[in-house]
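Undergrad: Shown below is the structure under consideration.
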Amino acid sequence: MSVSTRVIKTVGVVGTGVIGASWAAYFLAQGLAVRATDPSAGAHERLLATIDALWPSLERIGLAPGADKQRIEFFADLETALSGVDFVQENGPEKEDLKIDLFKRMDAVLDADIVLASSSSGLLMSRIQSACRFPERVVLGHPFNPPHLIPLVEVIGGAQTSPEVVERTMRFYADIGKRPIHPRKEVKGHIANRLQAALWREAFNLVDQGVASVSDIDAAIAHGPGLRWALLGPFMNLHLSGGGAGIEHLLDHLGGPIEDWWHDLGDPSMTPELKKKVAQGVREMLQTHAEQDFVPERDRLLVDLLAAKTDSGQLP
């Protein structure tokens, strides 16, 4: 595939659930037009309501020139929705056979230089692109929830994806204010979700073994390392924990104990009993908190945090 000079002005958003609607709002806030589609009953009304709900946070962050939440069109038919788009962000269900068919349909009606990006949480693009005429333009563009606020996007090609498409996709996301990263190999769950899964594994294990309650585990992260992780990643935090001697000293001092902890971590199974225990713990926490306030308050604090990090300019 030759280097494309296509200017991205209109984005096709395929699937408008939680992730797709958040993407749509973000694209609109960045001054782009959106053509959206979703086969679910009531999807159009839910999409517009979600964009209305998310727009105040996007206004606080700052709208790009030309941003207008009215620049969205919704179509029940996939092929009609994709007419005239310059980039596609797919957000369908996390089912491999469904996505293979969906990408085959999109690929059949779009020019070869239009990137097809998937928000898939864990599927491999080598499989998703397998039935496409132009598999070289299929790429992962996995956001972190909620996409309208969290900057991270993981961009990974499949076995047949063109390096130029990966580069072009990275550049597009960066140009609209995202923080794209490029994992060098395809792995299930990519990077961020695998890191989350490692933490979830031990969190579920601690509940399963009766070591801690659900609320104590949440508190341990939200009021402990989670505060540091919001600012710096695991390796830089280790470096700072080493004091003046840095990460080398830290690893010499704690490397052995850390390895010992690894060997002691659990291997839980998602049994009905464990799922019930965790759900019960969450419901107990919600008895003293207003769940309907969680999302707007989370978004407000995320906007403040992102603004503070940007203003600082001192953190990688």
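In the structure tokens, chains take letters A, B, ... by order of appearance, with residues numbered from 1 within each chain and ligands from 1 in the order shown.
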Counting only C-alpha atoms, what is within 10 Å of Val34 (chain A), bar same-chain residues fewer than 6 positions away, as a VMD selection string?

TA: chain A and resid 9 to 13 23 to 25 27 to 28 69 to 74 81 to 82 85 87 to 88

Undergrad: Produce a file of the selected residues containing C-alpha atoms, as a PDB file, in the first residue's frame.

TA:
```
ATOM      1  CA  LYS A   9     -12.401  14.696   8.194  1.00  0.00           C
ATOM      2  CA  THR A  10     -15.151  12.109   8.693  1.00  0.00           C
ATOM      3  CA  VAL A  11     -14.919   9.036  10.924  1.00  0.00           C
ATOM      4  CA  GLY A  12     -17.148   6.001  10.692  1.00  0.00           C
ATOM      5  CA  VAL A  13     -18.070   4.679  14.137  1.00  0.00           C
ATOM      6  CA  TRP A  23     -15.340   7.531  20.728  1.00  0.00           C
ATOM      7  CA  ALA A  24     -18.066   9.312  18.766  1.00  0.00           C
ATOM      8  CA  ALA A  25     -18.260  12.119  21.319  1.00  0.00           C
ATOM      9  CA  PHE A  27     -14.238  12.621  17.498  1.00  0.00           C
ATOM     10  CA  LEU A  28     -16.939  15.306  17.427  1.00  0.00           C
ATOM     11  CA  LYS A  69     -21.987  17.611  18.594  1.00  0.00           C
ATOM     12  CA  GLN A  70     -24.588  18.011  15.850  1.00  0.00           C
ATOM     13  CA  ARG A  71     -22.120  16.812  13.189  1.00  0.00           C
ATOM     14  CA  ILE A  72     -23.194  13.212  13.610  1.00  0.00           C
ATOM     15  CA  GLU A  73     -25.383  11.090  11.378  1.00  0.00           C
ATOM     16  CA  PHE A  74     -26.783   7.686  12.284  1.00  0.00           C
ATOM     17  CA  ALA A  81     -22.980   4.559   7.152  1.00  0.00           C
ATOM     18  CA  LEU A  82     -19.516   3.997   5.685  1.00  0.00           C
ATOM     19  CA  VAL A  85     -15.795   8.169   5.645  1.00  0.00           C
ATOM     20  CA  PHE A  87     -11.298   6.390   8.809  1.00  0.00           C
ATOM     21  CA  VAL A  88     -13.257   3.673  10.625  1.00  0.00           C
TER      22      VAL A  88
END
```

Undergrad: List every residue of region 15-247 of chain A that DSSP, applied to the backbone of this structure, places in strand (DSSP E), and write the result as an NGL selection string.

TA: :A and (33-37 or 72-75 or 87-90 or 115-118 or 138-143 or 152-157 or 179-181)

Undergrad: Keeping only N, CA and C atoms, write those residues as an mmCIF file, in the first residue's frame.

TA:
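Contents of out.cif, as written:
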```cif
data_model
loop_
_atom_site.group_PDB
_atom_site.id
_atom_site.type_symbol
_atom_site.label_atom_id
_atom_site.label_comp_id
_atom_site.auth_asym_id
_atom_site.auth_seq_id
_atom_site.Cartn_x
_atom_site.Cartn_y
_atom_site.Cartn_z
ATOM 1 N N ALA A 33 -16.381 15.066 11.712
ATOM 2 C CA ALA A 33 -17.753 14.613 11.496
ATOM 3 C C ALA A 33 -17.799 13.111 11.741
ATOM 4 N N VAL A 34 -18.955 12.613 12.165
ATOM 5 C CA VAL A 34 -19.107 11.196 12.489
ATOM 6 C C VAL A 34 -20.320 10.627 11.763
ATOM 7 N N ARG A 35 -20.115 9.455 11.157
ATOM 8 C CA ARG A 35 -21.215 8.660 10.596
ATOM 9 C C ARG A 35 -21.239 7.359 11.391
ATOM 10 N N ALA A 36 -22.307 7.145 12.141
ATOM 11 C CA ALA A 36 -22.370 6.039 13.099
ATOM 12 C C ALA A 36 -23.413 5.011 12.690
ATOM 13 N N THR A 37 -23.178 3.769 13.146
ATOM 14 C CA THR A 37 -24.137 2.702 12.882
ATOM 15 C C THR A 37 -24.093 1.670 13.995
ATOM 16 N N ILE A 72 -23.128 14.668 13.584
ATOM 17 C CA ILE A 72 -23.194 13.212 13.610
ATOM 18 C C ILE A 72 -24.438 12.748 12.871
ATOM 19 N N GLU A 73 -24.274 11.720 12.075
ATOM 20 C CA GLU A 73 -25.383 11.090 11.378
ATOM 21 C C GLU A 73 -25.415 9.620 11.772
ATOM 22 N N PHE A 74 -26.619 9.091 11.889
ATOM 23 C CA PHE A 74 -26.783 7.686 12.284
ATOM 24 C C PHE A 74 -27.512 6.941 11.183
ATOM 25 N N PHE A 75 -27.032 5.721 10.910
ATOM 26 C CA PHE A 75 -27.612 4.890 9.861
ATOM 27 C C PHE A 75 -27.781 3.469 10.382
ATOM 28 N N PHE A 87 -11.919 7.231 7.790
ATOM 29 C CA PHE A 87 -11.298 6.390 8.809
ATOM 30 C C PHE A 87 -12.438 5.673 9.514
ATOM 31 N N VAL A 88 -12.206 4.434 9.936
ATOM 32 C CA VAL A 88 -13.257 3.673 10.625
ATOM 33 C C VAL A 88 -12.760 3.230 11.990
ATOM 34 N N GLN A 89 -13.582 3.461 13.019
ATOM 35 C CA GLN A 89 -13.323 2.974 14.367
ATOM 36 C C GLN A 89 -14.425 1.979 14.698
ATOM 37 N N GLU A 90 -14.048 0.690 14.722
ATOM 38 C CA GLU A 90 -15.022 -0.376 14.959
ATOM 39 C C GLU A 90 -15.076 -0.737 16.435
ATOM 40 N N VAL A 115 -8.227 3.349 6.555
ATOM 41 C CA VAL A 115 -7.837 2.481 7.671
ATOM 42 C C VAL A 115 -9.071 1.946 8.380
ATOM 43 N N LEU A 116 -9.042 0.643 8.683
ATOM 44 C CA LEU A 116 -10.074 0.016 9.496
ATOM 45 C C LEU A 116 -9.453 -0.315 10.847
ATOM 46 N N ALA A 117 -9.822 0.440 11.868
ATOM 47 C CA ALA A 117 -9.254 0.259 13.203
ATOM 48 C C ALA A 117 -10.280 -0.375 14.124
ATOM 49 N N SER A 118 -9.823 -1.325 14.932
ATOM 50 C CA SER A 118 -10.715 -2.026 15.860
ATOM 51 C C SER A 118 -10.410 -1.632 17.300
ATOM 52 N N VAL A 138 -5.937 -3.082 7.971
ATOM 53 C CA VAL A 138 -6.641 -3.442 9.216
ATOM 54 C C VAL A 138 -5.659 -3.349 10.381
ATOM 55 N N VAL A 139 -6.056 -2.628 11.435
ATOM 56 C CA VAL A 139 -5.150 -2.367 12.550
ATOM 57 C C VAL A 139 -5.947 -2.285 13.850
ATOM 58 N N LEU A 140 -5.296 -2.598 14.937
ATOM 59 C CA LEU A 140 -5.914 -2.392 16.244
ATOM 60 C C LEU A 140 -5.773 -0.933 16.657
ATOM 61 N N GLY A 141 -6.864 -0.364 17.159
ATOM 62 C CA GLY A 141 -6.835 0.972 17.759
ATOM 63 C C GLY A 141 -7.577 0.890 19.079
ATOM 64 N N HIS A 142 -6.973 0.165 20.030
ATOM 65 C CA HIS A 142 -7.666 -0.140 21.288
ATOM 66 C C HIS A 142 -7.544 1.018 22.274
ATOM 67 N N PRO A 143 -8.679 1.641 22.631
ATOM 68 C CA PRO A 143 -8.657 2.730 23.602
ATOM 69 C C PRO A 143 -8.735 2.179 25.015
ATOM 70 N N LEU A 152 -4.789 6.996 26.343
ATOM 71 C CA LEU A 152 -4.112 5.824 25.800
ATOM 72 C C LEU A 152 -4.870 5.168 24.646
ATOM 73 N N VAL A 153 -4.125 4.856 23.572
ATOM 74 C CA VAL A 153 -4.632 4.004 22.496
ATOM 75 C C VAL A 153 -3.500 3.058 22.102
ATOM 76 N N GLU A 154 -3.795 1.756 22.071
ATOM 77 C CA GLU A 154 -2.812 0.758 21.658
ATOM 78 C C GLU A 154 -3.003 0.460 20.171
ATOM 79 N N VAL A 155 -1.952 0.660 19.393
ATOM 80 C CA VAL A 155 -2.005 0.479 17.948
ATOM 81 C C VAL A 155 -1.101 -0.695 17.576
ATOM 82 N N ILE A 156 -1.712 -1.776 17.055
ATOM 83 C CA ILE A 156 -0.971 -2.988 16.727
ATOM 84 C C ILE A 156 -1.465 -3.509 15.386
ATOM 85 N N GLY A 157 -0.566 -3.873 14.527
ATOM 86 C CA GLY A 157 -0.946 -4.473 13.266
ATOM 87 C C GLY A 157 -1.003 -5.981 13.373
ATOM 88 N N ARG A 179 -2.690 9.438 23.222
ATOM 89 C CA ARG A 179 -1.323 9.011 23.540
ATOM 90 C C ARG A 179 -1.169 7.583 23.011
ATOM 91 N N PRO A 180 -0.878 7.442 21.706
ATOM 92 C CA PRO A 180 -0.782 6.104 21.141
ATOM 93 C C PRO A 180 0.532 5.417 21.502
ATOM 94 N N ILE A 181 0.471 4.111 21.722
ATOM 95 C CA ILE A 181 1.664 3.294 21.904
ATOM 96 C C ILE A 181 1.592 2.144 20.911
#
```

Undergrad: Against region 192-203 of chain A, which residues of region 74-149 of chain A fall within 12 Å? For each one I want the closest pair of atoms and the distance in Å (one decimal), counting only C-alpha atoms, rows by chain and increasing residue number, as JSON lines.

TA:
```
{"residue": "A:Ser120", "atom": "CA", "partner": "A:Asn193", "partner_atom": "CA", "distance": 10.8}
{"residue": "A:Ser121", "atom": "CA", "partner": "A:Asn193", "partner_atom": "CA", "distance": 7.3}
{"residue": "A:Gly122", "atom": "CA", "partner": "A:Asn193", "partner_atom": "CA", "distance": 7.7}
{"residue": "A:Leu123", "atom": "CA", "partner": "A:Asn193", "partner_atom": "CA", "distance": 11.4}
{"residue": "A:His142", "atom": "CA", "partner": "A:Ala192", "partner_atom": "CA", "distance": 9.7}
{"residue": "A:Pro143", "atom": "CA", "partner": "A:Ala192", "partner_atom": "CA", "distance": 9.7}
{"residue": "A:Phe144", "atom": "CA", "partner": "A:Ala192", "partner_atom": "CA", "distance": 8.2}
{"residue": "A:Asn145", "atom": "CA", "partner": "A:Asn193", "partner_atom": "CA", "distance": 10.9}
```

Undergrad: Have a look at A:Pro257, A:Val303, A:Cys132, A:Thr80 and name the one nearest to Lys99 (chain A); count only C-alpha atoms.

TA: A:Cys132

Undergrad: Would you mind listing what lies within 9 Å of Ile128 (chain A) as a list in words, with only C-alpha atoms counted and same-chain residues fewer than 5 positions away left out?

TA: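 The filter keeps Glu96, Asp97, Lys99, Ile100, Asp101, Leu102, Phe103, Lys104, Leu123, Pro135, Val138 and Gly158 of chain A.
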
Undergrad: Just write the chosen residues, C-alpha atoms, as a tab-separated table (two decimals), in the first residue's frame.

TA:
```tsv
chain	number	residue	atom	x	y	z
A	96	GLU	CA	-13.92	-13.25	16.75
A	97	ASP	CA	-16.26	-14.76	14.16
A	99	LYS	CA	-15.57	-9.32	13.82
A	100	ILE	CA	-14.09	-11.32	10.94
A	101	ASP	CA	-17.41	-11.05	9.11
A	102	LEU	CA	-17.83	-7.38	10.05
A	103	PHE	CA	-14.38	-6.45	8.75
A	104	LYS	CA	-15.02	-8.44	5.58
A	123	LEU	CA	-8.55	-10.22	19.89
A	135	PRO	CA	-5.78	-6.89	5.08
A	138	VAL	CA	-6.64	-3.44	9.22
A	158	GLY	CA	-1.70	-8.04	12.32
```

Undergrad: Under the rule that only C-alpha atoms are counted, which of A:Phe204, A:Tyr173, A:Trp262, A:Trp55 is the nearest residue to Asp299 (chain A)?

TA: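 Closest residue, counting only C-alpha atoms: A:Trp55.
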
Undergrad: CA of Gly31 (chain A) and CA of Pro65 (chain A), how far apart in Å?

TA: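 A separation of 5.8 Å between them.
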
Undergrad: Which residues are near Ile247 (chain A)? Cut-off 12 Å, only C-alpha atoms, ignore same chain within fewer than 6 positions. Put them as a PyMOL selection string.

TA: chain A and resi 234-241+253-255

Undergrad: Skip region 266-277 of chain A itself and residues of its chain fewer than 5 positions away, then list as an MDAnalysis selection string all residues within 9 Å of it, counting only C-alpha atoms.

TA: chainID A and resid 201:202 204:209 214 282

Undergrad: Looking only at alpha helix (DSSP H) from DSSP on the backbone, list the matching residues of region 81-312 of chain A as a VMD selection string.

TA: chain A and resid 81 96 to 109 125 to 128 163 to 175 192 to 208 214 to 222 225 to 229 234 to 241 246 to 264 272 to 286 294 to 312

Undergrad: Filtering to C-alpha atoms, could you give me those residues as a CSV table (one decimal), in the first residue's frame?

TA:
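As written to disk, selection_12.csv reads:
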```csv
chain,number,residue,atom,x,y,z
A,81,ALA,CA,-23.0,4.6,7.2
A,96,GLU,CA,-13.9,-13.2,16.8
A,97,ASP,CA,-16.3,-14.8,14.2
A,98,LEU,CA,-18.5,-11.7,14.3
A,99,LYS,CA,-15.6,-9.3,13.8
A,100,ILE,CA,-14.1,-11.3,10.9
A,101,ASP,CA,-17.4,-11.1,9.1
A,102,LEU,CA,-17.8,-7.4,10.0
A,103,PHE,CA,-14.4,-6.4,8.7
A,104,LYS,CA,-15.0,-8.4,5.6
A,105,ARG,CA,-18.2,-6.4,5.0
A,106,MET,CA,-16.4,-3.1,5.7
A,107,ASP,CA,-13.4,-4.0,3.6
A,108,ALA,CA,-15.7,-4.9,0.6
A,109,VAL,CA,-17.2,-1.3,0.3
A,125,MET,CA,-5.7,-8.5,14.2
A,126,SER,CA,-4.1,-11.4,12.3
A,127,ARG,CA,-7.3,-13.3,12.7
A,128,ILE,CA,-9.7,-10.3,12.2
A,163,PRO,CA,3.9,-0.7,8.7
A,164,GLU,CA,2.8,2.5,6.9
A,165,VAL,CA,-0.8,1.9,8.1
A,166,VAL,CA,0.4,1.5,11.7
A,167,GLU,CA,2.4,4.7,11.4
A,168,ARG,CA,-0.5,6.6,9.8
A,169,THR,CA,-2.9,5.4,12.5
A,170,MET,CA,-0.5,6.4,15.3
A,171,ARG,CA,-0.2,9.8,13.7
A,172,PHE,CA,-3.9,10.3,13.4
A,173,TYR,CA,-4.5,9.4,17.1
A,174,ALA,CA,-1.7,11.7,18.2
A,175,ASP,CA,-3.0,14.6,16.1
A,192,ALA,CA,-2.9,-2.5,29.3
A,193,ASN,CA,-5.5,-5.2,29.7
A,194,ARG,CA,-2.8,-7.8,30.4
A,195,LEU,CA,-1.5,-5.6,33.2
A,196,GLN,CA,-5.0,-5.2,34.5
A,197,ALA,CA,-5.6,-8.9,34.3
A,198,ALA,CA,-2.6,-9.6,36.4
A,199,LEU,CA,-3.9,-7.3,39.1
A,200,TRP,CA,-7.4,-8.7,38.9
A,201,ARG,CA,-6.1,-12.2,39.1
A,202,GLU,CA,-4.6,-11.6,42.5
A,203,ALA,CA,-7.5,-9.4,43.7
A,204,PHE,CA,-9.9,-12.3,43.0
A,205,ASN,CA,-7.5,-14.7,44.6
A,206,LEU,CA,-7.4,-12.6,47.8
A,207,VAL,CA,-11.1,-12.6,48.0
A,208,ASP,CA,-11.3,-16.3,47.2
A,214,VAL,CA,-13.7,-6.6,48.3
A,215,SER,CA,-13.9,-3.1,49.8
A,216,ASP,CA,-10.4,-3.4,51.4
A,217,ILE,CA,-8.9,-4.5,48.1
A,218,ASP,CA,-10.4,-1.6,46.3
A,219,ALA,CA,-9.2,0.8,49.0
A,220,ALA,CA,-5.7,-0.7,48.9
A,221,ILE,CA,-5.4,0.3,45.2
A,222,ALA,CA,-7.5,3.5,45.1
A,225,PRO,CA,-0.4,2.5,44.5
A,226,GLY,CA,-3.3,3.6,42.2
A,227,LEU,CA,-2.5,7.2,43.1
A,228,ARG,CA,1.1,6.9,42.0
A,229,TRP,CA,0.1,4.9,38.9
A,234,PRO,CA,5.4,0.8,37.3
A,235,PHE,CA,9.0,1.0,36.2
A,236,MET,CA,9.4,4.7,36.9
A,237,ASN,CA,7.7,4.3,40.3
A,238,LEU,CA,10.2,1.5,41.1
A,239,HIS,CA,13.0,3.8,40.1
A,240,LEU,CA,11.8,6.6,42.4
A,241,SER,CA,11.4,4.1,45.2
A,246,GLY,CA,17.5,4.5,41.5
A,247,ILE,CA,16.1,1.3,40.0
A,248,GLU,CA,19.4,-0.5,40.2
A,249,HIS,CA,19.5,-0.2,44.0
A,250,LEU,CA,15.8,-1.0,44.2
A,251,LEU,CA,16.1,-4.2,42.2
A,252,ASP,CA,19.2,-5.3,44.2
A,253,HIS,CA,17.4,-4.7,47.4
A,254,LEU,CA,13.8,-5.9,46.6
A,255,GLY,CA,14.3,-8.0,43.5
A,256,GLY,CA,14.5,-11.2,45.5
A,257,PRO,CA,11.4,-10.5,47.7
A,258,ILE,CA,9.4,-9.4,44.6
A,259,GLU,CA,10.3,-12.7,42.9
A,260,ASP,CA,9.2,-14.6,46.0
A,261,TRP,CA,5.9,-12.8,46.0
A,262,TRP,CA,5.4,-13.8,42.3
A,263,HIS,CA,5.8,-17.4,43.3
A,264,ASP,CA,3.2,-17.0,46.0
A,272,PRO,CA,-20.0,-19.3,40.5
A,273,GLU,CA,-19.1,-19.1,44.2
A,274,LEU,CA,-16.3,-16.6,43.6
A,275,LYS,CA,-18.4,-14.5,41.2
A,276,LYS,CA,-21.1,-14.4,43.8
A,277,LYS,CA,-18.7,-13.4,46.6
A,278,VAL,CA,-17.2,-10.6,44.6
A,279,ALA,CA,-20.6,-9.3,43.5
A,280,GLN,CA,-21.9,-9.3,47.0
A,281,GLY,CA,-18.8,-7.3,48.2
A,282,VAL,CA,-19.4,-4.7,45.5
A,283,ARG,CA,-23.1,-4.4,46.4
A,284,GLU,CA,-22.2,-3.9,50.1
A,285,MET,CA,-19.9,-1.0,49.1
A,286,LEU,CA,-22.7,0.6,47.1
A,294,PHE,CA,-19.8,7.6,40.2
A,295,VAL,CA,-19.4,8.3,36.5
A,296,PRO,CA,-19.8,12.1,36.5
A,297,GLU,CA,-17.6,12.4,39.6
A,298,ARG,CA,-15.0,10.1,38.1
A,299,ASP,CA,-15.0,12.1,34.9
A,300,ARG,CA,-14.7,15.4,36.7
A,301,LEU,CA,-11.7,14.2,38.6
A,302,LEU,CA,-10.1,12.7,35.6
A,303,VAL,CA,-10.4,16.0,33.7
A,304,ASP,CA,-8.8,17.8,36.6
A,305,LEU,CA,-6.0,15.2,36.8
A,306,LEU,CA,-5.4,15.3,33.0
A,307,ALA,CA,-5.2,19.1,33.1
A,308,ALA,CA,-2.8,19.0,36.0
A,309,LYS,CA,-0.5,16.6,34.3
A,310,THR,CA,-0.6,18.6,31.1
A,311,ASP,CA,0.1,21.9,33.0
A,312,SER,CA,3.0,20.2,34.8
```

Undergrad: Using only C-alpha atoms, which residues sit within 7 Å of Glu136 (chain A) once same-chain residues fewer than 5 positions away are excluded, as a ChimeraX atom specification?

TA: /A:160-162

Undergrad: Would you work out the distance separating CA of Ala131 (chain A) from CA of His190 (chain A), expressed in Å to one decimal?

TA: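 That distance, rounded to one decimal, is 21.8 Å.
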
Undergrad: When you count only C-alpha atoms, which of these residues is closest to Lys178 (chain A): A:Leu48, A:Ala76, A:Ile150, A:Ala230?

TA: A:Ile150
